[in-house]
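S.K.: Let me give you the structure first, and then I'll get to my questions.
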Amino acid sequence: MAAESAFVRSGGSSGTATTAALFNSSSTWKHSKRKTHQFLNTHCVYDKNRFYKQLGLFSLKKKIEDAVLRAEMLAPLALELEEERRNEQEQLIRDYDLWDDTAKSNEILAKLADSVRVVDALRDLTYKAEEAKLITQLAEIDAINFGLFRQAYDASLDMSKILNKYEISKLLKGPYDMEGACLIIKAGGKGYPEVWVKQLLRMYTKWARKLGYKGRVVEKRSSMNGGINSATIEFEHEFAYGYLSGEAGVHYIINSNNGSAVHEVSSASVDVVPLFLGQAYDMQIDEEDLTIVLPSKLEEEQSQNGPLVYIHHKPTCISVQSSGERSHFANKMKAMNRLKAKLLILALEQGVTKPSDITKDEIFNVWQKETRRYMSHPYKLVKDVKTGIQLPDLMSVLDGNLEPLIAAHINIRQ
């Protein structure tokens with residue numbers, strides 16, 4: 001009986017051990033299976049990441065090759081033409097007595113400086129093309145180094161910017177296209193136009209900053225709701241007027257009202273006149289044709305700028321203002337320059353030579369021409385009315401990426 005009990009106890013103990021061993025074996029097998037699944041999943045993710053990385057490298061390499069090919073096709077001929085143009089300007093300076101006519105001398109020197117800048121930019125383009133090719137070759141030797149490819153891609157972006165700027169500058173042939181620009185934004189009536197003016201002001205200043213230019217906000221009249229009633233930006237760089245003249249007109253933003261089907265529309269007008277970087281164009285305006293108004297002290301305090309000066313041109317009913325300078329005299333001079341610039345553009349549009357020949361009834365009112373719609377509902381879209389171009393990335397445009405829109409305006413003017 002004791003032996004039987006011992007046997008039972010021994011058998012029971014052996015059975016328990018066997019069960020435990022089987023349980024441990026099953027647990028180990030499950031753990032091993034789980035680790036195998038984890039390994040396979042990790043391996044699949046690694047393969048997928050490697051695939052996408054290789055795809056990204058292939059895309060980068062293709063973009064670099066396209067940019068280099070474009071530079072190699074266009075740069076040598078453009079450089080040859082621009083060097084010839086520079087040599088002609090230098091020869092003209094050698095043959096011309098600069099002291100005889102200072103105005104003519106300044107014009108020649110300005111053209112020479114422009115030629116030198118273009119030649120330097122095209123030479124830099126050639127160097128960047130060689131740099132991108134060399135870095136690409138090094139990347140392939142170094143087992144497709146992603147960092148090197150990124151460096152080559154950055155060089156290719158610089159090449160594209162230089163070429164785009166050069167090609168667009170060749171299309172800008174208007175008499176004032178090479179000048180700077182004075183851009184004036186004013187709030188419309190419905191919706192929240194003061195907030196919209198603030199967004200447009202940010203858009204244009206960011207556009208200038210991304211191109212390496214300076215957009216100087218010289219005047220700003222704030223509203224009670226934290227927005228801006230009007231703002232004036234001066235772009236003191238060459239071709240600014242050529243780039244921005246197509247922006248003139250009414251800009252609408254269309255929002256939804258708390259997600260409802262009712263659309264909320266806000267408007268603002270944009271006017272652009274040349275800002276003469278060198279010697280201003282000499283234009284005689286009869287003093288009797290002008291009404292000059294100096295606002296009251298209260299109005300000046302509300303303007304949050306300097307002493308405000310209004311000038312009204314009676315024959316054309318054109319009104320301009322300036323408050324960005326520190327004195328009435330300086331603001332009067334700046335307002336006069338803006339008036340002259342506006343009259344020069346009107347004379348050019350009507351095909352006349354003198355301001356007195358401008359026909360009042362044929363003057364284009366900036367509020368009568370729609371330029372662009374920015375839609376955030378029911379879908380995000382920027383539609384340029386003048387050119388028909390549509391861009392799906394609203395936030396990118398409002399962030400200052402205006403190059404496609406500006407290029408389209410320049411192309412339709414040809």
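If you're wondering about the labels, chains in the structure tokens are A, B, ... by order shown, residues count from 1 in each chain, ligands from 1 in order shown.
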Just the residues within 8 Å of stretch 165-179 of chain A, please, counting only C-alpha atoms, with nothing from its chain fewer than 2 positions along; format it as an MDAnalysis selection string.

M.R.: chainID A and resid 118 161:163 181 237:243 274:277 407 410:411 414

S.K.: Excluding stretch 107-113 of chain A and residues on its chain fewer than 4 positions from it, collect all residues at most 7 Å away from it, counting only C-alpha atoms, and give them as a list in words.

M.R.: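 Surrounding residues, per the criterion: Arg86, Gln89, Glu90, Ala103 and Arg117 of chain A.
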
S.K.: Just the residues within 10 Å of A:Lys332, please, counting only C-alpha atoms, with nothing from its chain fewer than 5 positions along; format it as a compact mmCIF listing (two decimals) with all heavy atoms, in the first residue's frame.

M.R.:
# COMPACT_ATOMS: atom_id res chain seq x y z
N ILE A 292 -3.55 119.61 -52.75
CA ILE A 292 -2.72 118.99 -51.73
C ILE A 292 -3.38 119.20 -50.38
O ILE A 292 -3.68 120.33 -49.98
CB ILE A 292 -1.30 119.58 -51.74
CG1 ILE A 292 -0.65 119.35 -53.12
CG2 ILE A 292 -0.45 118.96 -50.63
CD1 ILE A 292 0.71 119.99 -53.27
N VAL A 293 -3.62 118.11 -49.66
CA VAL A 293 -4.34 118.16 -48.39
C VAL A 293 -3.44 117.63 -47.29
O VAL A 293 -2.86 116.55 -47.40
CB VAL A 293 -5.63 117.32 -48.46
CG1 VAL A 293 -6.38 117.38 -47.13
CG2 VAL A 293 -6.51 117.79 -49.60
N LEU A 294 -3.34 118.40 -46.22
CA LEU A 294 -2.65 117.96 -45.01
C LEU A 294 -3.70 117.64 -43.97
O LEU A 294 -4.44 118.53 -43.53
CB LEU A 294 -1.72 119.06 -44.49
CG LEU A 294 -0.66 119.57 -45.47
CD1 LEU A 294 0.17 120.66 -44.81
CD2 LEU A 294 0.23 118.44 -45.94
N PRO A 307 3.65 112.12 -40.82
CA PRO A 307 2.73 113.17 -41.29
C PRO A 307 2.13 112.80 -42.66
O PRO A 307 2.86 112.58 -43.62
CB PRO A 307 3.63 114.41 -41.40
CG PRO A 307 4.80 114.11 -40.53
CD PRO A 307 5.01 112.65 -40.60
N LEU A 308 0.83 112.74 -42.70
CA LEU A 308 0.14 112.26 -43.90
C LEU A 308 -0.08 113.40 -44.90
O LEU A 308 -0.44 114.52 -44.52
CB LEU A 308 -1.21 111.66 -43.48
CG LEU A 308 -2.07 110.99 -44.55
CD1 LEU A 308 -1.34 109.81 -45.16
CD2 LEU A 308 -3.38 110.54 -43.93
N VAL A 309 0.12 113.10 -46.19
CA VAL A 309 -0.10 114.07 -47.26
C VAL A 309 -0.92 113.40 -48.36
O VAL A 309 -0.56 112.32 -48.84
CB VAL A 309 1.24 114.58 -47.85
CG1 VAL A 309 0.97 115.51 -49.04
CG2 VAL A 309 2.05 115.31 -46.79
N TYR A 310 -2.04 114.04 -48.73
CA TYR A 310 -2.87 113.59 -49.86
C TYR A 310 -2.62 114.53 -51.04
O TYR A 310 -2.53 115.74 -50.87
CB TYR A 310 -4.36 113.67 -49.52
CG TYR A 310 -4.85 112.66 -48.53
CD1 TYR A 310 -5.15 113.04 -47.23
CD2 TYR A 310 -5.06 111.33 -48.90
CE1 TYR A 310 -5.63 112.13 -46.30
CE2 TYR A 310 -5.54 110.41 -47.97
CZ TYR A 310 -5.82 110.82 -46.68
OH TYR A 310 -6.28 109.91 -45.78
N ILE A 311 -2.53 113.95 -52.24
CA ILE A 311 -2.48 114.77 -53.45
C ILE A 311 -3.53 114.26 -54.43
O ILE A 311 -3.58 113.06 -54.74
CB ILE A 311 -1.08 114.72 -54.12
CG1 ILE A 311 -0.02 115.27 -53.16
CG2 ILE A 311 -1.09 115.53 -55.42
CD1 ILE A 311 1.38 115.28 -53.74
N VAL A 320 -3.34 110.16 -54.57
CA VAL A 320 -2.25 109.39 -53.96
C VAL A 320 -1.99 109.95 -52.57
O VAL A 320 -2.45 111.05 -52.24
CB VAL A 320 -0.95 109.46 -54.80
CG1 VAL A 320 -1.13 108.79 -56.15
CG2 VAL A 320 -0.51 110.91 -54.98
N GLN A 321 -1.27 109.19 -51.77
CA GLN A 321 -0.95 109.66 -50.43
C GLN A 321 0.40 109.09 -49.99
O GLN A 321 0.88 108.11 -50.57
CB GLN A 321 -2.02 109.24 -49.43
CG GLN A 321 -2.08 107.74 -49.19
CD GLN A 321 -3.16 107.37 -48.20
OE1 GLN A 321 -4.31 107.71 -48.38
NE2 GLN A 321 -2.77 106.64 -47.15
N SER A 322 0.99 109.69 -48.98
CA SER A 322 2.22 109.19 -48.39
C SER A 322 2.26 109.61 -46.92
O SER A 322 1.92 110.74 -46.58
CB SER A 322 3.45 109.74 -49.12
OG SER A 322 4.64 109.34 -48.46
N SER A 323 2.67 108.65 -46.08
CA SER A 323 2.82 108.95 -44.66
C SER A 323 4.00 108.20 -44.05
O SER A 323 4.14 108.14 -42.84
CB SER A 323 1.54 108.57 -43.90
OG SER A 323 1.29 107.18 -44.01
N GLU A 325 7.23 108.89 -44.40
CA GLU A 325 8.41 109.72 -44.08
C GLU A 325 8.15 110.54 -42.81
O GLU A 325 7.04 110.60 -42.30
CB GLU A 325 8.73 110.63 -45.27
CG GLU A 325 8.95 109.89 -46.58
CD GLU A 325 10.07 108.89 -46.52
OE1 GLU A 325 11.09 109.19 -45.85
OE2 GLU A 325 9.96 107.81 -47.13
N SER A 327 8.54 113.90 -42.33
CA SER A 327 8.11 115.29 -42.46
C SER A 327 7.06 115.43 -43.56
O SER A 327 6.96 114.57 -44.45
CB SER A 327 9.30 116.20 -42.79
OG SER A 327 9.81 115.91 -44.08
N ASN A 337 6.03 111.69 -56.49
CA ASN A 337 6.68 110.65 -57.29
C ASN A 337 5.72 109.52 -57.62
O ASN A 337 5.73 108.98 -58.74
CB ASN A 337 7.90 110.10 -56.55
CG ASN A 337 9.06 111.08 -56.52
OD1 ASN A 337 9.17 111.96 -57.39
ND2 ASN A 337 9.92 110.96 -55.53
N ARG A 338 4.86 109.16 -56.68
CA ARG A 338 3.87 108.11 -56.94
C ARG A 338 2.84 108.58 -57.96
O ARG A 338 2.40 107.80 -58.81
CB ARG A 338 3.18 107.71 -55.63
CG ARG A 338 4.07 106.91 -54.70
CD ARG A 338 3.37 106.57 -53.40
NE ARG A 338 4.30 105.94 -52.47
CZ ARG A 338 4.05 105.72 -51.19
NH1 ARG A 338 2.87 106.08 -50.68
NH2 ARG A 338 4.94 105.13 -50.41

S.K.: So which residues touch A:Thr126 within 10 Å, counting only C-alpha atoms, skipping near sequence neighbours fewer than 2 positions away, as a PDB file with all heavy atoms, in the first residue's frame?

M.R.:
ATOM      1  N   VAL A  68      20.778  69.889 -64.548  1.00  0.00           N
ATOM      2  CA  VAL A  68      22.123  70.011 -65.142  1.00  0.00           C
ATOM      3  C   VAL A  68      22.028  70.091 -66.660  1.00  0.00           C
ATOM      4  O   VAL A  68      22.705  70.906 -67.308  1.00  0.00           O
ATOM      5  CB  VAL A  68      23.017  68.832 -64.708  1.00  0.00           C
ATOM      6  CG1 VAL A  68      24.311  68.806 -65.507  1.00  0.00           C
ATOM      7  CG2 VAL A  68      23.327  68.924 -63.221  1.00  0.00           C
ATOM      8  N   ALA A  71      20.818  73.481 -67.691  1.00  0.00           N
ATOM      9  CA  ALA A  71      21.877  74.478 -67.518  1.00  0.00           C
ATOM     10  C   ALA A  71      22.928  74.361 -68.618  1.00  0.00           C
ATOM     11  O   ALA A  71      23.396  75.369 -69.162  1.00  0.00           O
ATOM     12  CB  ALA A  71      22.528  74.311 -66.144  1.00  0.00           C
ATOM     13  N   GLU A  72      23.301  73.134 -68.959  1.00  0.00           N
ATOM     14  CA  GLU A  72      24.327  72.926 -69.988  1.00  0.00           C
ATOM     15  C   GLU A  72      23.836  73.349 -71.373  1.00  0.00           C
ATOM     16  O   GLU A  72      24.632  73.772 -72.216  1.00  0.00           O
ATOM     17  CB  GLU A  72      24.765  71.461 -70.005  1.00  0.00           C
ATOM     18  CG  GLU A  72      25.586  71.071 -68.783  1.00  0.00           C
ATOM     19  CD  GLU A  72      25.985  69.608 -68.795  1.00  0.00           C
ATOM     20  OE1 GLU A  72      25.306  68.794 -69.471  1.00  0.00           O
ATOM     21  OE2 GLU A  72      26.969  69.267 -68.119  1.00  0.00           O
ATOM     22  N   LEU A  74      21.461  75.841 -71.946  1.00  0.00           N
ATOM     23  CA  LEU A  74      21.152  77.272 -72.037  1.00  0.00           C
ATOM     24  C   LEU A  74      22.293  78.185 -71.603  1.00  0.00           C
ATOM     25  O   LEU A  74      22.483  79.261 -72.171  1.00  0.00           O
ATOM     26  CB  LEU A  74      19.911  77.575 -71.190  1.00  0.00           C
ATOM     27  CG  LEU A  74      18.613  76.890 -71.613  1.00  0.00           C
ATOM     28  CD1 LEU A  74      17.499  77.216 -70.632  1.00  0.00           C
ATOM     29  CD2 LEU A  74      18.198  77.299 -73.014  1.00  0.00           C
ATOM     30  N   ALA A  75      23.038  77.768 -70.580  1.00  0.00           N
ATOM     31  CA  ALA A  75      24.021  78.671 -69.971  1.00  0.00           C
ATOM     32  C   ALA A  75      25.132  79.124 -70.921  1.00  0.00           C
ATOM     33  O   ALA A  75      25.453  80.318 -70.960  1.00  0.00           O
ATOM     34  CB  ALA A  75      24.610  78.028 -68.719  1.00  0.00           C
ATOM     35  N   PRO A  76      25.774  78.227 -71.692  1.00  0.00           N
ATOM     36  CA  PRO A  76      26.894  78.679 -72.536  1.00  0.00           C
ATOM     37  C   PRO A  76      26.508  79.765 -73.532  1.00  0.00           C
ATOM     38  O   PRO A  76      27.202  80.777 -73.662  1.00  0.00           O
ATOM     39  CB  PRO A  76      27.333  77.396 -73.253  1.00  0.00           C
ATOM     40  CG  PRO A  76      26.889  76.285 -72.361  1.00  0.00           C
ATOM     41  CD  PRO A  76      25.614  76.758 -71.765  1.00  0.00           C
ATOM     42  N   LEU A  79      25.599  82.983 -71.663  1.00  0.00           N
ATOM     43  CA  LEU A  79      26.816  83.619 -71.149  1.00  0.00           C
ATOM     44  C   LEU A  79      27.574  84.327 -72.260  1.00  0.00           C
ATOM     45  O   LEU A  79      28.062  85.450 -72.080  1.00  0.00           O
ATOM     46  CB  LEU A  79      27.701  82.565 -70.479  1.00  0.00           C
ATOM     47  CG  LEU A  79      28.991  83.068 -69.826  1.00  0.00           C
ATOM     48  CD1 LEU A  79      28.686  84.127 -68.776  1.00  0.00           C
ATOM     49  CD2 LEU A  79      29.775  81.911 -69.228  1.00  0.00           C
ATOM     50  N   ASP A 120      27.944  87.462 -64.053  1.00  0.00           N
ATOM     51  CA  ASP A 120      28.368  86.784 -62.821  1.00  0.00           C
ATOM     52  C   ASP A 120      27.377  85.683 -62.438  1.00  0.00           C
ATOM     53  O   ASP A 120      27.787  84.586 -62.003  1.00  0.00           O
ATOM     54  CB  ASP A 120      28.479  87.797 -61.673  1.00  0.00           C
ATOM     55  CG  ASP A 120      29.678  88.718 -61.838  1.00  0.00           C
ATOM     56  OD1 ASP A 120      30.571  88.383 -62.654  1.00  0.00           O
ATOM     57  OD2 ASP A 120      29.721  89.764 -61.166  1.00  0.00           O
ATOM     58  N   ALA A 121      26.083  85.959 -62.585  1.00  0.00           N
ATOM     59  CA  ALA A 121      25.062  84.962 -62.238  1.00  0.00           C
ATOM     60  C   ALA A 121      25.158  83.745 -63.158  1.00  0.00           C
ATOM     61  O   ALA A 121      25.044  82.601 -62.702  1.00  0.00           O
ATOM     62  CB  ALA A 121      23.671  85.580 -62.326  1.00  0.00           C
ATOM     63  N   LEU A 122      25.388  83.977 -64.465  1.00  0.00           N
ATOM     64  CA  LEU A 122      25.489  82.862 -65.408  1.00  0.00           C
ATOM     65  C   LEU A 122      26.765  82.055 -65.187  1.00  0.00           C
ATOM     66  O   LEU A 122      26.777  80.829 -65.360  1.00  0.00           O
ATOM     67  CB  LEU A 122      25.428  83.397 -66.843  1.00  0.00           C
ATOM     68  CG  LEU A 122      24.061  83.924 -67.282  1.00  0.00           C
ATOM     69  CD1 LEU A 122      24.157  84.614 -68.638  1.00  0.00           C
ATOM     70  CD2 LEU A 122      23.030  82.800 -67.343  1.00  0.00           C
ATOM     71  N   ARG A 123      27.841  82.712 -64.808  1.00  0.00           N
ATOM     72  CA  ARG A 123      29.061  81.980 -64.467  1.00  0.00           C
ATOM     73  C   ARG A 123      28.844  81.125 -63.215  1.00  0.00           C
ATOM     74  O   ARG A 123      29.299  79.973 -63.151  1.00  0.00           O
ATOM     75  CB  ARG A 123      30.213  82.963 -64.242  1.00  0.00           C
ATOM     76  CG  ARG A 123      30.801  83.517 -65.532  1.00  0.00           C
ATOM     77  CD  ARG A 123      31.916  84.496 -65.243  1.00  0.00           C
ATOM     78  NE  ARG A 123      32.525  84.981 -66.480  1.00  0.00           N
ATOM     79  CZ  ARG A 123      33.381  85.998 -66.542  1.00  0.00           C
ATOM     80  NH1 ARG A 123      33.712  86.641 -65.419  1.00  0.00           N
ATOM     81  NH2 ARG A 123      33.903  86.373 -67.698  1.00  0.00           N
ATOM     82  N   ASP A 124      28.154  81.708 -62.251  1.00  0.00           N
ATOM     83  CA  ASP A 124      27.832  80.951 -61.039  1.00  0.00           C
ATOM     84  C   ASP A 124      26.971  79.739 -61.377  1.00  0.00           C
ATOM     85  O   ASP A 124      27.124  78.666 -60.787  1.00  0.00           O
ATOM     86  CB  ASP A 124      27.107  81.875 -60.057  1.00  0.00           C
ATOM     87  CG  ASP A 124      26.879  81.215 -58.705  1.00  0.00           C
ATOM     88  OD1 ASP A 124      27.824  80.568 -58.214  1.00  0.00           O
ATOM     89  OD2 ASP A 124      25.782  81.352 -58.146  1.00  0.00           O
ATOM     90  N   LYS A 128      27.801  75.809 -60.583  1.00  0.00           N
ATOM     91  CA  LYS A 128      26.861  74.973 -59.828  1.00  0.00           C
ATOM     92  C   LYS A 128      26.494  73.708 -60.607  1.00  0.00           C
ATOM     93  O   LYS A 128      26.273  72.647 -60.014  1.00  0.00           O
ATOM     94  CB  LYS A 128      25.611  75.767 -59.471  1.00  0.00           C
ATOM     95  CG  LYS A 128      25.839  76.786 -58.359  1.00  0.00           C
ATOM     96  CD  LYS A 128      24.555  77.411 -57.887  1.00  0.00           C
ATOM     97  CE  LYS A 128      24.828  78.412 -56.762  1.00  0.00           C
ATOM     98  NZ  LYS A 128      25.400  77.754 -55.571  1.00  0.00           N
ATOM     99  N   ALA A 129      26.417  73.811 -61.926  1.00  0.00           N
ATOM    100  CA  ALA A 129      26.138  72.634 -62.749  1.00  0.00           C
ATOM    101  C   ALA A 129      27.278  71.622 -62.633  1.00  0.00           C
ATOM    102  O   ALA A 129      27.043  70.406 -62.478  1.00  0.00           O
ATOM    103  CB  ALA A 129      25.936  73.044 -64.202  1.00  0.00           C
ATOM    104  N   GLU A 130      28.525  72.107 -62.696  1.00  0.00           N
ATOM    105  CA  GLU A 130      29.677  71.225 -62.536  1.00  0.00           C
ATOM    106  C   GLU A 130      29.706  70.624 -61.134  1.00  0.00           C
ATOM    107  O   GLU A 130      30.027  69.438 -60.959  1.00  0.00           O
ATOM    108  CB  GLU A 130      30.975  72.001 -62.802  1.00  0.00           C
ATOM    109  CG  GLU A 130      31.159  72.411 -64.258  1.00  0.00           C
ATOM    110  CD  GLU A 130      31.253  71.210 -65.189  1.00  0.00           C
ATOM    111  OE1 GLU A 130      31.818  70.181 -64.756  1.00  0.00           O
ATOM    112  OE2 GLU A 130      30.760  71.283 -66.326  1.00  0.00           O
ATOM    113  N   GLU A 131      29.360  71.442 -60.139  1.00  0.00           N
ATOM    114  CA  GLU A 131      29.339  70.963 -58.758  1.00  0.00           C
ATOM    115  C   GLU A 131      28.308  69.857 -58.580  1.00  0.00           C
ATOM    116  O   GLU A 131      28.584  68.816 -57.962  1.00  0.00           O
ATOM    117  CB  GLU A 131      29.023  72.139 -57.820  1.00  0.00           C
ATOM    118  CG  GLU A 131      28.901  71.747 -56.353  1.00  0.00           C
ATOM    119  CD  GLU A 131      28.359  72.863 -55.480  1.00  0.00           C
ATOM    120  OE1 GLU A 131      27.876  73.877 -56.036  1.00  0.00           O
ATOM    121  OE2 GLU A 131      28.396  72.719 -54.255  1.00  0.00           O
ATOM    122  N   MET A 159      20.448  76.308 -59.394  1.00  0.00           N
ATOM    123  CA  MET A 159      20.558  76.461 -60.857  1.00  0.00           C
ATOM    124  C   MET A 159      19.218  76.832 -61.471  1.00  0.00           C
ATOM    125  O   MET A 159      19.138  77.730 -62.318  1.00  0.00           O
ATOM    126  CB  MET A 159      21.054  75.152 -61.488  1.00  0.00           C
ATOM    127  CG  MET A 159      22.525  74.865 -61.317  1.00  0.00           C
ATOM    128  SD  MET A 159      23.025  73.444 -62.302  1.00  0.00           S
ATOM    129  CE  MET A 159      22.205  72.123 -61.463  1.00  0.00           C
TER     130      MET A 159
END

S.K.: What are the DSSP helix (DSSP H, G or I) residues of stretch 338-373 of chain A, as a list in words?

M.R.: Arg338, Leu339, Lys340, Ala341, Lys342, Leu343, Leu344, Ile345, Leu346, Ala347, Leu348, Glu349, Gln350, Pro355, Ser356, Asp357, Lys360, Asp361, Glu362, Val366, Trp367 and Gln368 of chain A

S.K.: Name the closest residue to A:Val385 among the candidates A:Phe149, A:Tyr96, A:Phe235, A:Tyr252; distances are taken between atoms, counting only C-alpha atoms.

M.R.: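 Counting only C-alpha atoms, the residue closest to A:Val385 is A:Tyr252.
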
S.K.: Compile the contact shell of A:Ala67 as a list of chain:residue names: residues with an atom at most 10 Å away, counting only C-alpha atoms, same-chain residues fewer than 6 positions apart removed.

M.R.: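 Result of the neighbour search: A:Lys61, A:Met73, A:Ala129, A:Ala132, A:Tyr153, A:Ala155, A:Ser156, A:Leu157, A:Asp158, A:Met159, A:Ser160, A:Leu163.
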
S.K.: Just the residues within 8 Å of stretch 184-193 of chain A, please, counting only C-alpha atoms, with nothing from its chain fewer than 6 positions along; format it as an MDAnalysis selection string.

M.R.: chainID A and resid 200:201 228:233 264:272

S.K.: Kindly export the residues of the current selection with C-alpha atoms, as a PDB file, in the first residue's frame.

M.R.:
ATOM      1  CA  LEU A 200      -1.973  89.656 -48.511  1.00  0.00           C
ATOM      2  CA  LEU A 201       0.657  91.886 -46.904  1.00  0.00           C
ATOM      3  CA  ILE A 228      -5.201  96.418 -41.643  1.00  0.00           C
ATOM      4  CA  ASN A 229      -7.220  98.958 -43.654  1.00  0.00           C
ATOM      5  CA  SER A 230      -4.384  99.718 -46.094  1.00  0.00           C
ATOM      6  CA  ALA A 231      -0.673  99.033 -46.497  1.00  0.00           C
ATOM      7  CA  THR A 232       2.065 100.150 -48.859  1.00  0.00           C
ATOM      8  CA  ILE A 233       5.136  98.045 -49.652  1.00  0.00           C
ATOM      9  CA  GLU A 264     -18.080  84.449 -46.808  1.00  0.00           C
ATOM     10  CA  VAL A 265     -16.303  86.671 -49.340  1.00  0.00           C
ATOM     11  CA  SER A 266     -13.720  89.315 -48.469  1.00  0.00           C
ATOM     12  CA  SER A 267     -12.038  91.577 -51.011  1.00  0.00           C
ATOM     13  CA  ALA A 268      -8.998  93.812 -51.280  1.00  0.00           C
ATOM     14  CA  SER A 269      -7.558  95.858 -54.123  1.00  0.00           C
ATOM     15  CA  VAL A 270      -3.917  95.801 -55.172  1.00  0.00           C
ATOM     16  CA  ASP A 271      -2.385  98.658 -57.152  1.00  0.00           C
ATOM     17  CA  VAL A 272       1.197  98.649 -58.450  1.00  0.00           C
TER      18      VAL A 272
END

S.K.: As an exercise, work out the distance from atom CA of A:Glu287 to atom CA of A:Lys340 in Å and give it to one decimal place.

M.R.: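 So the answer is 13.0 Å.
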
S.K.: For a quick check of understanding, using only C-alpha atoms, which of A:Ala330, A:Leu148, A:Ile64, A:Val366 has the smallest distance to A:Gly306?

M.R.: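 Using only C-alpha atoms, A:Gly306 sits closest to A:Ala330.
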
S.K.: So that I can check the surroundings of A:Gln199, please list as a PDB file with N, CA and C atoms, in the first residue's frame every protein, DNA and RNA residue that reaches within 10 Å of it, counting only C-alpha atoms and ignoring chain neighbours fewer than 5 positions away.

M.R.:
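See result.pdb below for the written result:
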ATOM      1  N   PRO A 193     -12.429  92.277 -44.670  1.00  0.00           N
ATOM      2  CA  PRO A 193     -11.373  92.688 -45.599  1.00  0.00           C
ATOM      3  C   PRO A 193     -10.083  93.128 -44.904  1.00  0.00           C
ATOM      4  N   GLU A 194     -10.200  93.668 -43.675  1.00  0.00           N
ATOM      5  CA  GLU A 194      -8.993  94.111 -42.966  1.00  0.00           C
ATOM      6  C   GLU A 194      -8.090  92.930 -42.620  1.00  0.00           C
ATOM      7  N   TYR A 204       2.987  88.936 -49.796  1.00  0.00           N
ATOM      8  CA  TYR A 204       3.930  89.646 -50.666  1.00  0.00           C
ATOM      9  C   TYR A 204       5.296  89.840 -50.000  1.00  0.00           C
ATOM     10  N   GLY A 227      -6.979  94.012 -37.791  1.00  0.00           N
ATOM     11  CA  GLY A 227      -6.554  93.867 -39.176  1.00  0.00           C
ATOM     12  C   GLY A 227      -5.884  95.130 -39.684  1.00  0.00           C
ATOM     13  N   ILE A 228      -5.858  95.272 -41.012  1.00  0.00           N
ATOM     14  CA  ILE A 228      -5.201  96.418 -41.643  1.00  0.00           C
ATOM     15  C   ILE A 228      -6.129  96.991 -42.709  1.00  0.00           C
ATOM     16  N   LEU A 398      -0.354  81.514 -50.225  1.00  0.00           N
ATOM     17  CA  LEU A 398      -0.409  82.515 -49.156  1.00  0.00           C
ATOM     18  C   LEU A 398       0.906  82.579 -48.380  1.00  0.00           C
ATOM     19  N   ASP A 399       1.721  81.541 -48.528  1.00  0.00           N
ATOM     20  CA  ASP A 399       3.032  81.519 -47.874  1.00  0.00           C
ATOM     21  C   ASP A 399       4.106  82.179 -48.740  1.00  0.00           C
TER      22      ASP A 399
END

S.K.: Out of A:Leu394, A:Ile406, A:Val217, A:Ile254, which residue has the shortest atom-to-atom distance to A:Arg202 when counting only C-alpha atoms?

M.R.: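 Under the stated criterion, the closest residue is A:Val217.
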
S.K.: Choose the residue, out of A:Ala248, A:Asp282, A:Arg209, A:Ser115, that has the smallest atom-to-atom separation from A:Leu81; count only C-alpha atoms.

M.R.: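 Checking each of A:Ala248, A:Asp282, A:Arg209, A:Ser115 against A:Leu81, counting only C-alpha atoms, the winner is A:Ser115.
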